[in-house]
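Asks: Contents are mmCIF, C-alpha atoms and all ligand atoms; file name work.cif:
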data_final
loop_
_atom_site.label_atom_id
_atom_site.label_comp_id
_atom_site.auth_asym_id
_atom_site.auth_seq_id
_atom_site.Cartn_x
_atom_site.Cartn_y
_atom_site.Cartn_z
CA MET A 17 -25.85 -2.86 37.07
CA SER A 18 -26.41 -4.88 33.89
CA THR A 19 -27.99 -3.10 30.95
CA ALA A 20 -28.88 -6.39 29.20
CA GLY A 21 -32.52 -6.56 28.16
CA LYS A 22 -33.08 -2.86 28.86
CA VAL A 23 -33.35 0.18 26.62
CA ILE A 24 -30.07 2.14 26.71
CA LYS A 25 -30.08 5.94 26.46
CA CYS A 26 -26.86 7.17 24.89
CA LYS A 27 -25.23 9.78 22.68
CA ALA A 28 -25.44 9.44 18.91
CA ALA A 29 -24.66 11.64 15.90
CA VAL A 30 -27.91 11.90 13.95
CA LEU A 31 -28.28 13.36 10.47
CA TRP A 32 -31.78 14.72 9.90
CA GLU A 33 -31.29 15.74 6.26
CA PRO A 34 -28.43 16.07 3.74
CA LYS A 35 -26.07 19.05 3.64
CA LYS A 36 -26.55 19.77 7.37
CA PRO A 37 -24.18 19.15 10.29
CA PHE A 38 -24.67 16.16 12.59
CA SER A 39 -26.49 16.81 15.84
CA ILE A 40 -25.33 14.88 18.85
CA VAL A 41 -28.44 13.88 20.75
CA GLU A 42 -29.53 11.33 23.32
CA ILE A 43 -31.18 8.41 21.55
CA GLU A 44 -32.78 5.22 22.80
CA VAL A 45 -31.28 1.91 21.74
CA ALA A 46 -33.61 -1.07 22.16
CA PRO A 47 -32.25 -4.42 23.34
CA PRO A 48 -31.18 -6.89 20.65
CA LYS A 49 -33.90 -9.21 19.33
CA ALA A 50 -33.23 -12.86 18.45
CA HIS A 51 -29.99 -13.26 16.43
CA GLU A 52 -28.98 -9.65 17.14
CA VAL A 53 -26.11 -8.22 19.15
CA ARG A 54 -25.87 -4.89 21.01
CA VAL A 55 -22.39 -3.38 20.80
CA LYS A 56 -20.71 -0.50 22.65
CA ILE A 57 -18.63 1.37 20.07
CA LEU A 58 -15.06 2.21 21.12
CA ALA A 59 -13.72 3.92 17.98
CA THR A 60 -15.11 4.71 14.53
CA GLY A 61 -13.53 6.06 11.36
CA ILE A 62 -15.11 8.57 9.00
CA CYS A 63 -15.41 7.08 5.48
CA GLY A 64 -16.14 8.71 2.12
CA SER A 65 -19.44 6.83 1.98
CA ASP A 66 -20.60 8.49 5.22
CA ASP A 67 -19.80 11.77 3.54
CA HIS A 68 -21.88 10.74 0.52
CA ILE A 69 -24.89 10.73 2.89
CA VAL A 70 -24.01 14.21 4.10
CA SER A 71 -23.59 15.52 0.54
CA GLY A 72 -26.82 13.87 -0.60
CA SER A 73 -25.19 11.80 -3.37
CA LEU A 74 -26.11 8.56 -1.60
CA LYS A 75 -29.85 8.04 -1.29
CA VAL A 76 -30.80 6.95 2.24
CA ASN A 77 -33.77 7.28 4.57
CA PHE A 78 -33.59 10.07 7.16
CA PRO A 79 -33.12 10.55 10.06
CA ILE A 80 -30.10 8.28 10.06
CA ILE A 81 -27.08 7.35 12.17
CA PRO A 82 -24.22 6.84 9.65
CA GLY A 83 -20.79 5.32 10.40
CA HIS A 84 -19.68 1.79 9.45
CA GLU A 85 -15.93 1.50 10.10
CA ALA A 86 -15.51 0.70 13.80
CA VAL A 87 -14.43 -1.44 16.70
CA GLY A 88 -16.64 -2.16 19.70
CA VAL A 89 -17.34 -4.53 22.54
CA VAL A 90 -20.43 -6.73 22.87
CA GLU A 91 -22.76 -5.41 25.59
CA SER A 92 -25.49 -8.05 25.27
CA ILE A 93 -26.80 -10.67 22.85
CA GLY A 94 -30.26 -11.71 21.73
CA GLU A 95 -31.67 -15.21 21.78
CA GLY A 96 -29.87 -17.75 19.60
CA VAL A 97 -26.62 -15.79 19.12
CA THR A 98 -23.63 -18.12 19.30
CA CYS A 99 -20.88 -16.32 17.32
CA VAL A 100 -20.14 -13.72 20.04
CA LYS A 101 -20.73 -13.23 23.77
CA PRO A 102 -20.81 -10.15 26.04
CA GLY A 103 -17.34 -8.69 26.49
CA ASP A 104 -16.02 -9.85 23.08
CA LYS A 105 -14.17 -7.27 21.01
CA VAL A 106 -15.80 -7.02 17.58
CA ILE A 107 -15.84 -5.23 14.23
CA PRO A 108 -19.29 -4.39 12.76
CA LEU A 109 -19.60 -5.59 9.15
CA CYS A 110 -21.05 -3.10 6.67
CA LEU A 111 -21.30 -6.06 4.29
CA PRO A 112 -22.87 -9.02 6.12
CA GLN A 113 -21.94 -12.66 5.61
CA CYS A 114 -24.92 -14.89 6.38
CA GLY A 115 -23.08 -17.96 5.14
CA LYS A 116 -26.27 -19.42 3.68
CA CYS A 117 -27.10 -17.47 0.50
CA ILE A 118 -25.71 -18.25 -2.96
CA PRO A 119 -23.00 -15.51 -3.02
CA CYS A 120 -21.93 -16.50 0.53
CA LYS A 121 -21.64 -20.15 -0.49
CA ASN A 122 -19.69 -19.33 -3.67
CA PRO A 123 -15.95 -19.12 -2.88
CA GLU A 124 -15.63 -16.17 -5.29
CA GLY A 125 -18.73 -14.32 -4.01
CA ASN A 126 -19.06 -11.84 -1.14
CA LEU A 127 -22.16 -9.72 -1.85
CA CYS A 128 -24.34 -11.49 0.72
CA LYS A 129 -28.06 -11.33 -0.13
CA LYS A 130 -28.67 -9.81 3.30
CA ASN A 131 -26.66 -6.69 2.34
CA ASP A 132 -28.12 -3.22 2.77
CA PHE A 133 -25.75 -1.86 0.07
CA VAL A 134 -27.70 -2.30 -3.12
CA GLU A 135 -31.01 -0.91 -1.92
CA ILE A 136 -30.29 0.96 1.31
CA LYS A 137 -33.27 0.54 3.66
CA GLY A 138 -31.62 1.37 6.97
CA LEU A 139 -33.66 -1.19 8.92
CA MET A 140 -33.07 -4.52 10.65
CA TYR A 141 -34.14 -7.72 8.84
CA ASP A 142 -37.62 -7.54 10.44
CA GLY A 143 -38.20 -4.08 8.92
CA THR A 144 -37.93 -2.21 12.23
CA SER A 145 -35.16 -0.13 13.84
CA ARG A 146 -33.55 -0.45 17.28
CA PHE A 147 -32.86 3.32 17.31
CA SER A 148 -35.35 6.02 18.30
CA TYR A 149 -35.26 9.67 19.28
CA LYS A 150 -38.15 10.98 21.36
CA GLY A 151 -40.26 8.11 20.05
CA LYS A 152 -39.40 8.75 16.38
CA LEU A 153 -37.71 5.98 14.37
CA VAL A 154 -34.06 6.64 13.43
CA HIS A 155 -32.56 4.59 10.55
CA SER A 156 -29.36 2.59 10.54
CA PHE A 157 -26.72 2.61 7.78
CA ILE A 158 -25.41 -0.40 5.80
CA SER A 159 -26.06 -2.96 8.55
CA SER A 160 -23.85 -1.11 11.01
CA SER A 161 -24.40 2.53 12.26
CA THR A 162 -21.37 3.33 14.36
CA PHE A 163 -21.67 7.08 15.05
CA THR A 164 -23.34 6.16 18.34
CA GLU A 165 -22.22 4.91 21.75
CA TYR A 166 -24.33 1.76 21.29
CA THR A 167 -25.58 0.04 18.15
CA VAL A 168 -27.51 -3.14 17.40
CA LEU A 169 -26.23 -5.48 14.67
CA HIS A 170 -27.56 -8.68 13.19
CA GLU A 171 -25.23 -11.59 13.99
CA ASP A 172 -24.43 -11.79 10.25
CA SER A 173 -22.97 -8.27 10.54
CA VAL A 174 -20.55 -8.68 13.41
CA THR A 175 -17.28 -10.57 13.79
CA LYS A 176 -15.10 -11.29 16.80
CA ILE A 177 -11.51 -10.03 16.67
CA ASP A 178 -8.34 -10.42 18.76
CA PRO A 179 -9.12 -8.85 22.19
CA ALA A 180 -5.65 -7.25 22.21
CA ALA A 181 -6.28 -5.28 18.99
CA PRO A 182 -6.12 -1.50 19.61
CA PRO A 183 -9.60 -0.14 18.59
CA GLU A 184 -8.50 3.23 17.17
CA LYS A 185 -5.84 1.54 15.05
CA VAL A 186 -7.72 -1.43 13.57
CA CYS A 187 -11.03 0.25 12.77
CA PRO A 188 -10.01 0.91 9.09
CA ILE A 189 -10.20 -2.89 8.68
CA GLY A 190 -13.97 -2.40 8.95
CA CYS A 191 -13.98 -0.62 5.57
CA ALA A 192 -11.14 1.35 3.89
CA PHE A 193 -8.30 -1.08 4.44
CA SER A 194 -10.24 -4.23 3.55
CA THR A 195 -11.78 -2.54 0.49
CA GLY A 196 -8.40 -1.49 -0.90
CA TYR A 197 -6.13 -4.32 0.24
CA GLY A 198 -8.70 -6.95 -0.78
CA ALA A 199 -9.11 -5.34 -4.23
CA ALA A 200 -5.43 -6.10 -4.86
CA ILE A 201 -5.04 -9.50 -3.26
CA LYS A 202 -8.51 -11.02 -3.77
CA SER A 203 -10.29 -9.23 -6.66
CA ALA A 204 -7.24 -8.69 -8.91
CA LYS A 205 -5.10 -11.49 -7.47
CA VAL A 206 -1.96 -9.46 -8.15
CA LYS A 207 0.98 -11.77 -8.95
CA PRO A 208 4.58 -11.48 -7.71
CA GLY A 209 6.78 -9.46 -10.05
CA SER A 210 3.82 -7.75 -11.75
CA SER A 211 3.23 -4.06 -12.47
CA CYS A 212 0.31 -2.05 -11.05
CA ALA A 213 -1.17 1.44 -11.38
CA VAL A 214 -3.35 2.87 -8.62
CA PHE A 215 -5.58 5.81 -9.56
CA GLY A 216 -6.38 7.84 -6.40
CA LEU A 217 -4.22 7.79 -3.28
CA GLY A 218 -6.75 8.37 -0.51
CA GLY A 219 -7.20 5.90 2.36
CA VAL A 220 -8.61 3.22 0.05
CA GLY A 221 -6.07 3.79 -2.75
CA LEU A 222 -3.18 3.63 -0.27
CA SER A 223 -4.60 0.32 0.98
CA VAL A 224 -4.57 -0.92 -2.64
CA VAL A 225 -0.90 0.12 -2.80
CA MET A 226 -0.23 -1.92 0.36
CA GLY A 227 -2.08 -4.91 -1.11
CA CYS A 228 -0.08 -4.75 -4.36
CA LYS A 229 3.13 -4.61 -2.35
CA ALA A 230 2.09 -7.50 -0.09
CA ALA A 231 1.27 -9.54 -3.22
CA GLY A 232 4.84 -9.00 -4.46
CA ALA A 233 4.26 -6.47 -7.28
CA SER A 234 7.60 -5.16 -8.45
CA ARG A 235 6.28 -1.89 -9.85
CA ILE A 236 3.47 0.20 -8.33
CA ILE A 237 2.62 3.49 -10.03
CA GLY A 238 0.61 5.87 -7.81
CA ILE A 239 -1.55 8.44 -9.63
CA ASP A 240 -3.18 11.45 -7.98
CA ILE A 241 -3.88 15.11 -8.78
CA ASN A 242 -2.76 16.03 -5.25
CA LYS A 243 1.01 15.62 -5.04
CA ASP A 244 0.87 15.89 -1.24
CA LYS A 245 -0.30 12.26 -1.32
CA PHE A 246 2.94 11.03 -2.92
CA PRO A 247 5.34 10.80 0.08
CA LEU A 248 3.01 8.49 2.02
CA ALA A 249 2.19 6.45 -1.10
CA LYS A 250 5.93 5.88 -1.60
CA GLU A 251 6.39 5.00 2.08
CA LEU A 252 3.67 2.35 1.71
CA GLY A 253 5.02 0.77 -1.48
CA ALA A 254 4.50 2.96 -4.57
CA THR A 255 7.68 2.75 -6.64
CA GLU A 256 6.84 5.99 -8.49
CA CYS A 257 4.07 8.57 -8.45
CA VAL A 258 2.65 10.73 -11.23
CA ASN A 259 0.34 13.72 -11.29
CA PRO A 260 -1.94 13.83 -14.37
CA LEU A 261 -1.89 17.65 -14.14
CA ASP A 262 1.84 17.65 -14.97
CA PHE A 263 1.22 16.20 -18.45
CA LYS A 264 -0.43 17.47 -21.63
CA LYS A 265 -1.30 13.95 -22.84
CA PRO A 266 -3.93 11.71 -21.20
CA ILE A 267 -2.71 9.86 -18.12
CA ASN A 268 -3.26 6.44 -19.73
CA GLU A 269 -0.77 7.41 -22.46
CA VAL A 270 1.68 8.49 -19.75
CA VAL A 271 1.34 5.06 -18.11
CA LEU A 272 1.93 3.35 -21.50
CA ASP A 273 5.07 5.49 -22.01
CA MET A 274 6.30 4.46 -18.56
CA THR A 275 5.85 0.77 -19.42
CA ASP A 276 7.44 0.60 -22.92
CA GLY A 277 4.00 0.79 -24.51
CA GLU A 278 2.79 -2.38 -22.78
CA GLY A 279 0.64 -0.96 -20.00
CA VAL A 280 0.53 -2.36 -16.48
CA ASP A 281 -0.62 -5.85 -15.53
CA TYR A 282 -3.19 -4.48 -13.06
CA SER A 283 -4.84 -1.08 -12.67
CA PHE A 284 -7.23 0.13 -9.99
CA GLU A 285 -9.68 3.04 -10.04
CA VAL A 286 -10.04 4.29 -6.46
CA ILE A 287 -11.53 7.74 -7.07
CA GLY A 288 -15.13 7.15 -8.17
CA ARG A 289 -15.03 9.02 -11.52
CA THR A 290 -16.09 7.60 -14.88
CA ASP A 291 -13.24 9.31 -16.82
CA THR A 292 -10.59 7.76 -14.57
CA MET A 293 -12.33 4.36 -14.81
CA ILE A 294 -11.75 4.47 -18.59
CA ALA A 295 -8.20 5.82 -18.16
CA ALA A 296 -7.40 3.01 -15.72
CA LEU A 297 -8.79 0.43 -18.16
CA ALA A 298 -6.73 1.86 -21.02
CA SER A 299 -3.61 1.86 -18.80
CA CYS A 300 -3.49 -1.90 -18.39
CA ASN A 301 -2.08 -4.30 -20.96
CA LEU A 302 -4.43 -4.60 -23.92
CA ASN A 303 -4.30 -8.39 -23.91
CA TYR A 304 -3.81 -9.77 -20.40
CA GLY A 305 -4.28 -6.63 -18.26
CA THR A 306 -6.90 -6.50 -15.51
CA SER A 307 -8.54 -3.27 -14.35
CA VAL A 308 -10.49 -3.18 -11.10
CA VAL A 309 -13.13 -0.53 -10.34
CA VAL A 310 -13.18 0.15 -6.59
CA GLY A 311 -14.65 3.68 -6.53
CA VAL A 312 -18.38 4.25 -6.69
CA ALA A 313 -19.37 6.88 -9.26
CA PRO A 314 -22.34 9.24 -8.62
CA SER A 315 -25.62 7.29 -8.95
CA ALA A 316 -26.89 8.72 -12.27
CA SER A 317 -23.58 8.40 -14.15
CA GLU A 318 -23.02 6.25 -17.25
CA ILE A 319 -19.92 5.23 -19.21
CA THR A 320 -19.33 5.31 -22.97
CA PHE A 321 -16.20 3.54 -24.20
CA SER A 322 -14.76 1.83 -27.25
CA PRO A 323 -15.42 -1.95 -27.13
CA SER A 324 -11.97 -2.41 -28.65
CA LEU A 325 -10.61 -1.72 -25.18
CA LEU A 326 -12.00 -5.12 -24.15
CA PHE A 327 -11.91 -6.97 -27.50
CA THR A 328 -8.15 -7.42 -27.29
CA GLY A 329 -8.44 -9.41 -24.08
CA ARG A 330 -8.48 -7.03 -21.12
CA THR A 331 -10.48 -7.94 -18.01
CA TRP A 332 -12.57 -5.18 -16.42
CA LYS A 333 -14.13 -5.93 -13.07
CA GLY A 334 -15.59 -4.34 -9.98
CA SER A 335 -14.80 -5.02 -6.34
CA VAL A 336 -16.96 -4.51 -3.28
CA PHE A 337 -15.36 -4.77 0.18
CA GLY A 338 -12.24 -5.94 -1.64
CA GLY A 339 -14.01 -9.13 -2.71
CA LEU A 340 -13.47 -10.38 0.85
CA LYS A 341 -15.80 -12.58 2.90
CA SER A 342 -16.40 -10.10 5.70
CA LYS A 343 -17.06 -12.33 8.71
CA ASP A 344 -14.24 -14.76 7.82
CA ASP A 345 -11.62 -12.36 6.52
CA VAL A 346 -11.87 -9.34 8.86
CA PRO A 347 -10.59 -11.26 11.96
CA LYS A 348 -7.80 -12.73 9.81
CA LEU A 349 -6.72 -9.25 8.73
CA VAL A 350 -6.75 -8.09 12.37
CA SER A 351 -4.50 -11.04 13.29
CA GLU A 352 -2.17 -10.23 10.39
CA PHE A 353 -2.00 -6.62 11.62
CA MET A 354 -1.18 -7.85 15.14
CA ALA A 355 1.54 -10.05 13.60
CA LYS A 356 2.92 -6.88 11.94
CA LYS A 357 2.29 -8.12 8.37
CA PHE A 358 1.14 -4.61 7.45
CA VAL A 359 0.80 -1.21 9.08
CA LEU A 360 -2.33 0.88 9.60
CA ASP A 361 -0.95 3.89 11.48
CA PRO A 362 -0.13 5.87 8.30
CA LEU A 363 -3.79 5.70 7.24
CA ILE A 364 -4.94 7.35 10.46
CA SER A 365 -4.19 11.02 10.03
CA HIS A 366 -6.40 12.33 12.86
CA VAL A 367 -7.95 11.06 16.10
CA LEU A 368 -10.72 13.22 17.59
CA PRO A 369 -13.22 12.85 20.44
CA PHE A 370 -16.63 11.66 19.16
CA ASP A 371 -18.22 15.04 20.02
CA GLN A 372 -16.02 16.66 17.35
CA ILE A 373 -17.56 14.63 14.51
CA ASN A 374 -18.40 17.75 12.48
CA GLU A 375 -14.74 18.89 12.66
CA GLY A 376 -13.78 15.41 11.41
CA PHE A 377 -16.00 15.84 8.34
CA GLU A 378 -14.52 19.31 7.72
CA LEU A 379 -11.01 17.79 7.61
CA LEU A 380 -12.26 15.31 5.00
CA HIS A 381 -13.88 18.08 2.91
CA LYS A 382 -10.64 20.09 2.93
CA GLY A 383 -8.66 17.05 1.69
CA LYS A 384 -6.60 17.17 4.89
CA SER A 385 -7.40 13.77 6.33
CA ILE A 386 -6.71 10.24 5.14
CA ARG A 387 -8.71 8.67 7.96
CA CYS A 388 -10.11 10.60 10.92
CA VAL A 389 -10.95 8.24 13.78
CA LEU A 390 -13.46 9.31 16.44
CA VAL A 391 -12.99 7.85 19.92
CA PHE A 392 -15.64 7.58 22.63
N1 LIG B 1 -7.25 11.96 -10.96
C1 LIG B 1 -6.43 11.44 -10.02
N2 LIG B 1 -6.69 11.49 -8.69
C2 LIG B 1 -7.82 12.10 -8.30
C3 LIG B 1 -8.73 12.68 -9.22
C4 LIG B 1 -8.40 12.58 -10.61
N3 LIG B 1 -9.20 13.10 -11.55
N4 LIG B 1 -9.77 13.20 -8.54
C5 LIG B 1 -9.53 12.97 -7.24
N5 LIG B 1 -8.37 12.31 -7.08
C6 LIG B 1 -7.72 11.85 -5.85
C7 LIG B 1 -7.88 12.81 -4.69
O1 LIG B 1 -6.88 13.80 -4.69
C8 LIG B 1 -7.73 11.85 -3.50
O2 LIG B 1 -6.40 11.73 -3.04
C9 LIG B 1 -8.19 10.49 -4.04
O3 LIG B 1 -8.40 10.67 -5.44
C10 LIG B 1 -9.52 10.03 -3.40
O4 LIG B 1 -9.29 9.79 -2.06
P1 LIG B 1 -10.34 10.12 -0.86
O5 LIG B 1 -9.52 10.26 0.38
O6 LIG B 1 -11.25 11.22 -1.26
O7 LIG B 1 -11.23 8.80 -0.78
P2 LIG B 1 -11.04 7.35 -0.17
O8 LIG B 1 -9.72 6.77 -0.56
O9 LIG B 1 -11.36 7.33 1.30
O10 LIG B 1 -12.24 6.55 -0.93
C11 LIG B 1 -12.36 6.63 -2.30
C12 LIG B 1 -13.48 5.72 -2.85
C13 LIG B 1 -13.66 6.05 -4.30
C14 LIG B 1 -13.04 4.27 -2.73
C15 LIG B 1 -14.81 5.91 -2.06
O11 LIG B 1 -15.24 7.21 -2.16
C16 LIG B 1 -15.87 4.98 -2.58
O12 LIG B 1 -16.44 5.14 -3.62
N6 LIG B 1 -16.16 3.95 -1.77
C17 LIG B 1 -17.08 2.89 -2.10
C18 LIG B 1 -16.38 1.60 -2.32
C19 LIG B 1 -16.79 0.53 -1.35
O13 LIG B 1 -16.80 -0.63 -1.67
N7 LIG B 1 -17.07 0.89 -0.13
C20 LIG B 1 -17.40 -0.03 0.92
C21 LIG B 1 -18.27 0.62 1.98
S1 LIG B 1 -18.01 2.24 2.11
ZN ZN B 2 -25.23 -14.39 2.61
ZN ZN B 3 -16.69 2.84 3.94
#
Output the file's structure in the form of structure tokens.

Replies:
Amino acid sequence: MSTAGKVIKCKAAVLWEPKKPFSIVEIEVAPPKAHEVRVKILATGICGSDDHIVSGSLKVNFPIIPGHEAVGVVESIGEGVTCVKPGDKVIPLCLPQCGKCIPCKNPEGNLCKKNDFVEIKGLMYDGTSRFSYKGKLVHSFISSSTFTEYTVLHEDSVTKIDPAAPPEKVCPIGCAFSTGYGAAIKSAKVKPGSSCAVFGLGGVGLSVVMGCKAAGASRIIGIDINKDKFPLAKELGATECVNPLDFKKPINEVVLDMTDGEGVDYSFEVIGRTDTMIAALASCNLNYGTSVVVGVAPSASEITFSPSLLFTGRTWKGSVFGGLKSKDDVPKLVSEFMAKKFVLDPLISHVLPFDQINEGFELLHKGKSIRCVLVF
């Protein structure tokens, strides 16, 4: 029996307040309105940003259904939707691409004006939610909400992918992989034969390493305070790895020593700390080096640094979703994965049933997981 046009009752992981476990409850998911799409989620990864909601460092409206790195299948579409049809395999886009706003129209832009990143409201464009629990409104998260059997997305926030793509393998393309890989190839535009330093070797940092390698970098220095991250970083392309805790001098001086005093051509901060943002900047060449900030520091933090770090010519820039155009680039990355241009398996350290979501977050807290994927 078709569920199109009807309210669907399904399981979802709802967070009622920060610093509490998720409760899996039966919610109601309203049918998609005009230009919206209802999607059955097949697999969803747990990302650091979801954990920022749990820890309280990311300000959102509660109750909320987090999750934004997933693969699903279209259940039904609202009036006027032409980009997908029921049965299509899709990736929800935590960063929308409306195609009409100024950043969408600029070839170098990707922070679509319809984003729910900058000021997180957790509502659809019309200011309402499609989620409710016992009649009470439940908020969505960054245009996606994937810790639920069914979600409703605006058509700007969904993209069709190769139907043969394995859901539990390609879901990191919905966030971690694109964020890291794109930071190297699109935001930094790493050149063949160049040198790179990647600060932080979690799922996003390892994706930066893969991007640097794909771009033809000849030297990729991985930096992390957890040496257990080194073997995988080397497998994915790091030519050497260093642990700042093994040195008495600051890590940027270590990187200069390793590069005959020149510094690297490109450095990436993929931790989310202000001290490592400065260290990464100081690690790149003082004249033509580029340093890319990928990590998001805690909301109230500020940076003090010597302007001479920039005066000599360095470029310091940020990168959101790897600078990629989400709706256009996500399906391309899925196709490249299917064509074996890069691997994703090493990023997926754990696969758990959806009901074990709290165990998945525990693995992340203990530093044991790169990506934990929940399957429905
Ligand atoms: N020096 C070196 N390494 C460190 C230090 C330090 N002082 N502190 C921590 N680390 C290492 C940790 O050991 C760990 O290996 C790594 O840094 C961080 O990895 P994870 O696994 O905790 O995190 P990731 O890789 O999943 O994500 C990191 C981000 C900083 C990218 C993430 O938290 C973030 O800020 N994301 C927002 C960026 C974005 O655009 N997101 C899009 C939607 S979510
Ligand atoms: Zn737009
Ligand atoms: Zn994410």

Asks: Collect all residues with atoms no farther than 9 Å from ligand ZN 3 (chain B), counting only C-alpha atoms and all ligand atoms, and output them as an MDAnalysis selection string.

Replies: chainID A and resid 61:66 83:85 110 188 190:192 195 220 337

Asks: Excluding range 372-377 of chain A and residues on its chain fewer than 5 positions from it, collect all residues at most 9 Å away from it, counting only C-alpha atoms, and give them as a list in words.

Replies: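 Once the adjacent positions are removed, what remains is Ala29, Pro37, Phe38, Ser39, Ile40, Ile62, Asp67, Phe163, His366, Val367, Lys382, Ser385, Cys388, Val389 and Leu390 of chain A.
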
Asks: Show me the residues close to (-8.5, 0.0, 19.1) - anything with an atom within 10 Å, counting all atoms listed in the file - and format the list as a PyMOL selection string.

Replies: chain A and resi 58-60+86-88+105+179-187+391

Asks: Could you list, as a PyMOL selection string, all the residues within 6 Å of ligand LIG 1 (chain B), counting only C-alpha atoms and all ligand atoms?

Replies: chain A and resi 63-65+191+195+215-221+239-242+286-288+310-312+336-337+386

Asks: Please build the interface table for chain A against ligand ZN 2 (chain B) with a cut-off of 8 Å, listing for each qualifying residue the nearest atom pair and the distance in Å to one decimal; count all atoms listed in the file, order rows by chain and increasing number, and write it as CSV.

Replies:
residue,atom,partner,partner_atom,distance
A:Pro112,CA,B:ZN2,ZN,6.8
A:Gln113,CA,B:ZN2,ZN,4.8
A:Cys114,CA,B:ZN2,ZN,3.8
A:Gly115,CA,B:ZN2,ZN,4.9
A:Lys116,CA,B:ZN2,ZN,5.2
A:Cys117,CA,B:ZN2,ZN,4.2
A:Ile118,CA,B:ZN2,ZN,6.8
A:Pro119,CA,B:ZN2,ZN,6.2
A:Cys120,CA,B:ZN2,ZN,4.4
A:Lys121,CA,B:ZN2,ZN,7.5
A:Asn126,CA,B:ZN2,ZN,7.7
A:Leu127,CA,B:ZN2,ZN,7.2
A:Cys128,CA,B:ZN2,ZN,3.6
A:Lys129,CA,B:ZN2,ZN,5.0
A:Lys130,CA,B:ZN2,ZN,5.8
A:Asn131,CA,B:ZN2,ZN,7.8

Asks: Could you work out how far CA of Leu360 in chain A lies from CA of Pro102 in chain A, giving the answer in Å with one decimal?

Replies: 27.1 Å

Asks: In the coordinates of the file, take the point (1.0, 7.3, -0.9) and a cut-off of 8 Å; then, counting only C-alpha atoms, name each qualifying protein, DNA or RNA residue as a ChimeraX atom specification.

Replies: /A:217-218,222,225,238,245-254

Asks: Mind pulling up the distance from CA of Pro108 in chain A to CA of Val168 in chain A?

Replies: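 Spanning CA of Val168 in chain A to CA of Pro108 in chain A is a straight-line distance of 9.5 Å.
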
Asks: Write out as number ranges by chain which residues come within 9 Å of Gly198 in chain A when counting all atoms listed in the file, dropping same-chain ones fewer than 3 positions away.

Replies: A: 193-195, 201-205, 223-224, 227, 335-340

Asks: For a test of reading the model, state the distance in Å between CA of Gly232 in chain A and CA of Gly209 in chain A, rounded to one decimal.

Replies: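 Taking CA of Gly232 in chain A as the start and CA of Gly209 in chain A as the end point, the length is 5.9 Å.
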
Asks: Have a look at A:Asn259, A:Thr162, A:Ser299, A:Thr320 and name the one nearest to Phe370 in chain A; count all atoms listed in the file.

Replies: A:Thr162

Asks: Of the residues A:Asp178, A:Glu165, A:Asp281, A:Asp291, which is the one nearest to Ser211 in chain A, using all atoms listed in the file?

Replies: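 Nearest to Ser211 in chain A: A:Asp281.
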
Asks: Return the single residue from A:Thr255, A:Ser210, A:Thr167, A:Ser283 that is closest to Val89 in chain A, with distances computed using only C-alpha atoms.

Replies: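 Closest residue, counting only C-alpha atoms: A:Thr167.
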
Asks: Out of A:Glu33, A:Glu285, A:Glu171, A:Glu42, which residue has the shortest atom-to-atom distance to Phe147 in chain A when counting all atoms listed in the file?

Replies: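 When distances to Phe147 in chain A are compared using all atoms listed in the file, the smallest one comes from A:Glu42.
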
Asks: Pick the closest to Ser161 in chain A from A:Ser92, A:Lys56, A:Lys101, A:Val258: which is it, counting only C-alpha atoms?

Replies: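 Closest to Ser161 in chain A of all the choices is A:Lys56.
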
Asks: So, with all atoms listed in the file as the atoms that count, which of A:Lys356, A:Val214, A:Lys333, A:Val206 lies closest to Asn268 in chain A?

Replies: A:Val214

Asks: Which residues are near Thr306 in chain A? Cut-off 9 Å, all atoms listed in the file, ignore same chain within fewer than 4 positions. Put them as a list in words.

Replies: Ala204, Val280, Asp281, Tyr282, Ser283, Phe284, Leu297, Cys300, Asn301, Leu302, Arg330, Thr331, Trp332 and Lys333 of chain A

Asks: Leaving out Met140 in chain A and any residue of its chain fewer than 4 positions from it, which residues lie within 10 Å of it when counting only C-alpha atoms, given as a list in words?

Replies: Lys49, Glu52, Asp132, Thr144, Ser145, Arg146, His155, Ser156, Phe157, Ile158, Ser159, Ser160, Val168, Leu169 and His170 of chain A
